[in-house]
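Engineer: Here it is: the structure, laid out below.
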Amino acid sequence: MKRFEDSTVVITGGNKGIGFALAQRFVEEGARVVVASVDADVEDAAARLDAPDRARGFHCDVTDKSQVEALYGFASAEFGGVDVSVQNAGIITIAKVEDLTEGEWDATLAVNTKGVFLCCQEAIRRMRAQGTGGRLINTASGQARSGFIYTPHYAASKFGVVGLTQSLAKEVALDGITVNAICPGIIETDMWDYNDRVWGKMLGDYGPGELMQAWVQNIPMKRAGRGSDVAGLVAFLASDDAAYITGQTINVDGGLIMS
Ligand code: NDP
């Protein structure tokens, strides 16, 4: 039997990048998966997964409580419950401190921190009612370990994810629900392309891909990460093998940060 054959998994930001790789891993391992995103054709993304009969797409802005409730209601109605919830949706902008707008601050905290909380809140409500335990995995970042230049709002939002992960883990431990956070390093996605372009210009007029190449040299494994690297960790945290792990924040970055 495959590891997640009896499981329903919700993944926010699941239409592309890291989230799509997570969805692919869960369907390969037998799960029923709901991928959620805000703008994209998320139904099309679900149809591109290897098992479209066990995959659904749902439009949900994670900053909107009623849309988040609708997402988990949809997952329960389609597949009979929610066992694993991965709070992966995130945004970033990069700006010098004087140029960083209040709107950028608010939007980043809203998606990356409040959005994670709202999804955890609704998932926990349903998992407690089901009485079958559950797994919550929250996507933080290397920037939850150490702030980077020109992204104070993003770093604050991701440090916040670690705090809410620890607090919720303590509250739901006796319900058989674990709550953990992950810190990806440099992962090749659209978000990283943006980082490479904008940081690259601001930090020294690097051409396309050059900043990433320079930073990859700081990674002991000397390569950028792939979505599948992150999927290995997330699937482990969602599995029975991780039943005694909660409130933890785990790096998946080829050794870039060792704390
Ligand atoms: P992408 O930019 O490729 O994807 C971001 C996803 O988040 C998209 O699916 C997007 O949906 C979704 N999203 C954005 N805003 C909302 C919202 N309000 N409601 C619902 N969904 C939303 O990013 P990555 O795959 O690179 O990143 C995934 C996560 O990993 C993020 O939390 C990011 O901060 C984190 N991370 C990434 C790293 C990297 O190097 N790539 C490093 C460390 C952390 P849509 O397409 O519809 O807009």
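Letters for chains follow the order of the structure tokens (A, B, ...), residue numbers begin at 1 for each chain, and ligand numbers begin at 1 in the order shown.
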Would you mind listing what lies within 9 Å of A:Asp6 as a PyMOL selection string, with only C-alpha atoms counted and same-chain residues fewer than 5 positions away left out?

Structural biologist: chain A and resi 30-32+83

Engineer: Neighbours of ligand 1 at 7 Å or closer, counting only C-alpha atoms and all ligand atoms: which residues, as a PyMOL selection string?

Structural biologist: chain A and resi 12-19+36-40+60-63+88-92+111-112+139-142+183-192

Engineer: Go ahead and write the residues just picked, C-alpha atoms, as a PDB file, in the first residue's frame.

Structural biologist:
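Everything below was put into result_32.pdb:
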```
ATOM      1  CA  THR A  12      -1.969  26.148  -1.037  1.00  0.00           C
ATOM      2  CA  GLY A  13       0.061  27.667  -3.857  1.00  0.00           C
ATOM      3  CA  GLY A  14      -0.177  24.227  -5.446  1.00  0.00           C
ATOM      4  CA  ASN A  15      -0.484  25.234  -9.091  1.00  0.00           C
ATOM      5  CA  LYS A  16       3.229  25.785  -9.743  1.00  0.00           C
ATOM      6  CA  GLY A  17       6.718  25.888  -8.270  1.00  0.00           C
ATOM      7  CA  ILE A  18       7.309  24.100  -4.995  1.00  0.00           C
ATOM      8  CA  GLY A  19       3.579  23.555  -4.380  1.00  0.00           C
ATOM      9  CA  ALA A  36      -5.340  25.918  -4.286  1.00  0.00           C
ATOM     10  CA  SER A  37      -4.103  29.164  -5.757  1.00  0.00           C
ATOM     11  CA  VAL A  38      -5.328  32.667  -6.261  1.00  0.00           C
ATOM     12  CA  ASP A  39      -4.845  33.793  -9.882  1.00  0.00           C
ATOM     13  CA  ALA A  40      -3.818  30.841 -11.986  1.00  0.00           C
ATOM     14  CA  CYS A  60      -8.702  30.527  -2.841  1.00  0.00           C
ATOM     15  CA  ASP A  61      -7.075  33.716  -1.655  1.00  0.00           C
ATOM     16  CA  VAL A  62      -5.480  32.579   1.611  1.00  0.00           C
ATOM     17  CA  THR A  63      -5.819  36.069   3.091  1.00  0.00           C
ATOM     18  CA  ASN A  88       2.853  26.807   0.950  1.00  0.00           C
ATOM     19  CA  ALA A  89       1.404  29.930  -0.746  1.00  0.00           C
ATOM     20  CA  GLY A  90       3.759  32.881  -0.496  1.00  0.00           C
ATOM     21  CA  ILE A  91       4.864  36.131  -2.088  1.00  0.00           C
ATOM     22  CA  ILE A  92       7.988  38.277  -2.007  1.00  0.00           C
ATOM     23  CA  VAL A 111      -0.276  36.098   2.509  1.00  0.00           C
ATOM     24  CA  ASN A 112       2.795  34.634   4.189  1.00  0.00           C
ATOM     25  CA  THR A 139       6.446  26.833   4.475  1.00  0.00           C
ATOM     26  CA  ALA A 140       8.826  29.315   6.055  1.00  0.00           C
ATOM     27  CA  SER A 141      12.194  30.075   4.389  1.00  0.00           C
ATOM     28  CA  GLY A 142      15.908  30.445   5.000  1.00  0.00           C
ATOM     29  CA  CYS A 183      12.823  26.367   5.425  1.00  0.00           C
ATOM     30  CA  PRO A 184      13.654  25.951   1.749  1.00  0.00           C
ATOM     31  CA  GLY A 185      16.881  27.563   0.560  1.00  0.00           C
ATOM     32  CA  ILE A 186      17.397  28.468  -3.098  1.00  0.00           C
ATOM     33  CA  ILE A 187      14.790  26.549  -5.075  1.00  0.00           C
ATOM     34  CA  GLU A 188      14.403  26.994  -8.857  1.00  0.00           C
ATOM     35  CA  THR A 189      10.941  28.505  -9.305  1.00  0.00           C
ATOM     36  CA  ASP A 190       9.311  31.669 -10.670  1.00  0.00           C
ATOM     37  CA  MET A 191       9.846  33.266  -7.262  1.00  0.00           C
ATOM     38  CA  TRP A 192      13.548  32.613  -7.434  1.00  0.00           C
TER      39      TRP A 192
END
```

Engineer: For atom CA of A:Val82 and atom CA of A:Ser239, determine how far apart the two atoms are, in Å to one decimal place.

Structural biologist: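 Interatomic distance here is 14.1 Å.
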
Engineer: Leaving out A:Ala214 and any residue of its chain fewer than 2 positions from it, which residues lie within 12 Å of it when counting only C-alpha atoms, given as an MDAnalysis selection string?

Structural biologist: chainID A and resid 186 196 200 203:204 206:212 216:219 222:224

Engineer: Find the distance between atom CA of A:Leu168 and atom CA of A:Gln143 and write it in Å to one decimal.

Structural biologist: 20.6 Å

Engineer: Nearest to A:Val9: which of A:Val35, A:Val172, A:Val230, A:Leu71 is it, counting only C-alpha atoms?

Structural biologist: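 Looking at the shortest contact to A:Val9, the residue is A:Val35.
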
Engineer: Could you pull out the residues in stretch 5-204 of chain A that DSSP calls strand (DSSP E or B) from the backbone, as a PyMOL selection string?

Structural biologist: chain A and resi 8-12+32-37+55-59+84-87+134-139+177-184+187

Engineer: Show which residues sit within 8 Å of A:Gln24, as a list in words. Count only C-alpha atoms, and ignore same-chain residues fewer than 4 positions away.

Structural biologist: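 In the requested form, the answer reads Phe20, Glu28, Leu49 and Asp50 of chain A.
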
Engineer: When you count only C-alpha atoms, which of these residues is closest to A:Ala107: A:Ala75, A:Asp64, A:Cys119, A:Asp41?

Structural biologist: A:Asp64

Engineer: Pick out the closest residue to A:Thr93 from this set: A:Phe58, A:Trp199, A:Phe79, A:Phe159. Count only C-alpha atoms.

Structural biologist: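 Of all the options, A:Trp199 lies closest to A:Thr93.
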
Engineer: Where does DSSP see alpha helix (DSSP H) in stretch 118-222 of chain A, if you list the residues as a ChimeraX atom specification?

Structural biologist: /A:118-130,152-172,190-204,210-216

Engineer: Quick one: residues within 12 Å of A:Ser167, only C-alpha atoms, excluding same-chain residues fewer than 4 positions away - as a list in words?

Structural biologist: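 Once the adjacent positions are removed, what remains is Phe117, Cys120, Gly160, Val161, Val162, Gly163, Glu171, Val172, Ala173, Thr178, Val179, Asn180, Ala181, Thr246, Gly247 and Gln248 of chain A.
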
Engineer: For the residues in that selection, give me N, CA, C and O atoms as a compact mmCIF listing (two decimals), in the first residue's frame.

Structural biologist:
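What landed in selection.txt:
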```txt
# COMPACT_ATOMS: atom_id res chain seq x y z
N PHE A 117 -1.81 31.15 9.01
CA PHE A 117 -2.62 30.96 10.21
C PHE A 117 -4.07 30.57 9.87
O PHE A 117 -4.63 29.64 10.45
N CYS A 120 -4.23 26.97 8.80
CA CYS A 120 -4.03 26.08 9.96
C CYS A 120 -5.29 26.06 10.82
O CYS A 120 -5.73 25.00 11.29
N GLY A 160 7.54 34.90 11.52
CA GLY A 160 6.20 34.75 12.10
C GLY A 160 5.65 33.35 11.91
O GLY A 160 4.99 32.80 12.80
N VAL A 161 5.94 32.75 10.77
CA VAL A 161 5.47 31.37 10.51
C VAL A 161 6.05 30.41 11.54
O VAL A 161 5.37 29.50 12.03
N VAL A 162 7.32 30.62 11.91
CA VAL A 162 7.94 29.73 12.90
C VAL A 162 7.24 29.88 14.25
O VAL A 162 6.93 28.89 14.92
N GLY A 163 6.96 31.10 14.63
CA GLY A 163 6.30 31.32 15.91
C GLY A 163 4.92 30.71 15.97
O GLY A 163 4.55 30.04 16.95
N GLU A 171 -0.63 23.58 21.20
CA GLU A 171 -2.08 23.55 21.47
C GLU A 171 -2.75 22.26 20.99
O GLU A 171 -3.69 21.79 21.62
N VAL A 172 -2.27 21.69 19.87
CA VAL A 172 -2.99 20.55 19.29
C VAL A 172 -2.27 19.21 19.48
O VAL A 172 -2.71 18.20 18.94
N ALA A 173 -1.20 19.21 20.27
CA ALA A 173 -0.41 17.98 20.43
C ALA A 173 -1.27 16.81 20.92
O ALA A 173 -1.10 15.67 20.47
N THR A 178 0.19 17.11 14.31
CA THR A 178 1.52 17.71 14.38
C THR A 178 1.56 18.96 13.49
O THR A 178 0.86 19.04 12.49
N VAL A 179 2.38 19.91 13.91
CA VAL A 179 2.54 21.17 13.16
C VAL A 179 4.04 21.45 13.06
O VAL A 179 4.71 21.63 14.07
N ASN A 180 4.53 21.47 11.84
CA ASN A 180 5.96 21.72 11.62
C ASN A 180 6.15 22.76 10.53
O ASN A 180 5.25 23.00 9.73
N ALA A 181 7.33 23.36 10.50
CA ALA A 181 7.66 24.34 9.47
C ALA A 181 8.89 23.87 8.70
O ALA A 181 9.74 23.16 9.24
N THR A 246 7.03 17.39 16.26
CA THR A 246 6.11 18.53 16.14
C THR A 246 6.77 19.80 16.68
O THR A 246 7.67 19.75 17.51
N GLY A 247 6.30 20.93 16.13
CA GLY A 247 6.83 22.23 16.55
C GLY A 247 8.22 22.52 16.02
O GLY A 247 8.89 23.46 16.45
N GLN A 248 8.67 21.72 15.04
CA GLN A 248 10.04 21.85 14.54
C GLN A 248 10.09 22.70 13.27
O GLN A 248 9.11 22.79 12.54
```

Engineer: Can you pull out the residues contacting A:His153? Cut-off 12 Å, using only C-alpha atoms, and skip same-chain residues under 3 positions away; I want them as a PyMOL selection string.

Structural biologist: chain A and resi 91-97+100-113+143-144+147-150+156-160

Engineer: Using only C-alpha atoms, please write the residues we just selected to a file, as a CSV table (one decimal), in the first residue's frame.

Structural biologist:
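This went into selection_1.csv:
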```csv
chain,number,residue,atom,x,y,z
A,91,ILE,CA,4.9,36.1,-2.1
A,92,ILE,CA,8.0,38.3,-2.0
A,93,THR,CA,9.1,41.7,-3.1
A,94,ILE,CA,12.5,43.3,-2.8
A,95,ALA,CA,13.1,47.0,-2.1
A,96,LYS,CA,15.4,49.4,-0.2
A,97,VAL,CA,13.9,50.3,3.1
A,100,LEU,CA,9.3,49.6,0.7
A,101,THR,CA,5.7,50.6,0.7
A,102,GLU,CA,3.2,50.0,3.5
A,103,GLY,CA,1.2,48.1,0.9
A,104,GLU,CA,4.0,45.7,0.3
A,105,TRP,CA,4.5,45.2,4.0
A,106,ASP,CA,0.8,44.5,4.5
A,107,ALA,CA,0.4,42.2,1.5
A,108,THR,CA,3.4,40.1,2.4
A,109,LEU,CA,2.4,39.6,6.0
A,110,ALA,CA,-1.2,38.9,4.9
A,111,VAL,CA,-0.3,36.1,2.5
A,112,ASN,CA,2.8,34.6,4.2
A,113,THR,CA,1.8,34.8,7.9
A,143,GLN,CA,14.8,34.0,5.8
A,144,ALA,CA,13.1,32.6,8.9
A,147,GLY,CA,17.1,38.1,7.5
A,148,PHE,CA,18.4,39.1,4.1
A,149,ILE,CA,19.1,42.6,2.7
A,150,TYR,CA,16.1,44.4,1.1
A,156,ALA,CA,9.3,39.2,9.3
A,157,SER,CA,6.6,37.2,7.7
A,158,LYS,CA,8.6,34.0,7.7
A,159,PHE,CA,9.9,34.4,11.3
A,160,GLY,CA,6.2,34.8,12.1
```

Engineer: Of the candidates A:Thr151, A:Ser76, A:Asp241, A:Arg25, which shows the shortest atom-to-atom distance to A:Asp229, using only C-alpha atoms?

Structural biologist: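 When distances to A:Asp229 are compared using only C-alpha atoms, the smallest one comes from A:Arg25.
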
Engineer: Please list as a list in words every residue within 9 Å of A:Lys65, counting only C-alpha atoms and excluding residues in the same chain fewer than 5 positions away.

Structural biologist: Ala70, Gly115, Leu118, Cys119 and Glu122 of chain A

Engineer: Could you dump the residues just selected with N, CA, C and O atoms as a PDB file, in the first residue's frame?

Structural biologist:
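Full text of out-v5.pdb as output:
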```pdb
ATOM      1  N   ALA A  70     -14.071  27.966   2.620  1.00  0.00           N
ATOM      2  CA  ALA A  70     -14.647  27.304   1.435  1.00  0.00           C
ATOM      3  C   ALA A  70     -13.679  26.254   0.880  1.00  0.00           C
ATOM      4  O   ALA A  70     -14.104  25.176   0.435  1.00  0.00           O
ATOM      5  N   GLY A 115      -2.163  34.217   6.138  1.00  0.00           N
ATOM      6  CA  GLY A 115      -2.693  33.142   5.289  1.00  0.00           C
ATOM      7  C   GLY A 115      -2.359  31.769   5.854  1.00  0.00           C
ATOM      8  O   GLY A 115      -3.195  30.861   5.846  1.00  0.00           O
ATOM      9  N   LEU A 118      -4.673  31.287   8.909  1.00  0.00           N
ATOM     10  CA  LEU A 118      -6.084  31.002   8.589  1.00  0.00           C
ATOM     11  C   LEU A 118      -6.263  29.569   8.098  1.00  0.00           C
ATOM     12  O   LEU A 118      -7.240  28.896   8.454  1.00  0.00           O
ATOM     13  N   CYS A 119      -5.316  29.104   7.292  1.00  0.00           N
ATOM     14  CA  CYS A 119      -5.406  27.718   6.791  1.00  0.00           C
ATOM     15  C   CYS A 119      -5.205  26.715   7.930  1.00  0.00           C
ATOM     16  O   CYS A 119      -5.934  25.725   8.031  1.00  0.00           O
ATOM     17  N   GLU A 122      -8.461  26.593  10.073  1.00  0.00           N
ATOM     18  CA  GLU A 122      -9.575  25.846   9.495  1.00  0.00           C
ATOM     19  C   GLU A 122      -9.248  24.351   9.411  1.00  0.00           C
ATOM     20  O   GLU A 122     -10.114  23.507   9.653  1.00  0.00           O
TER      21      GLU A 122
END
```
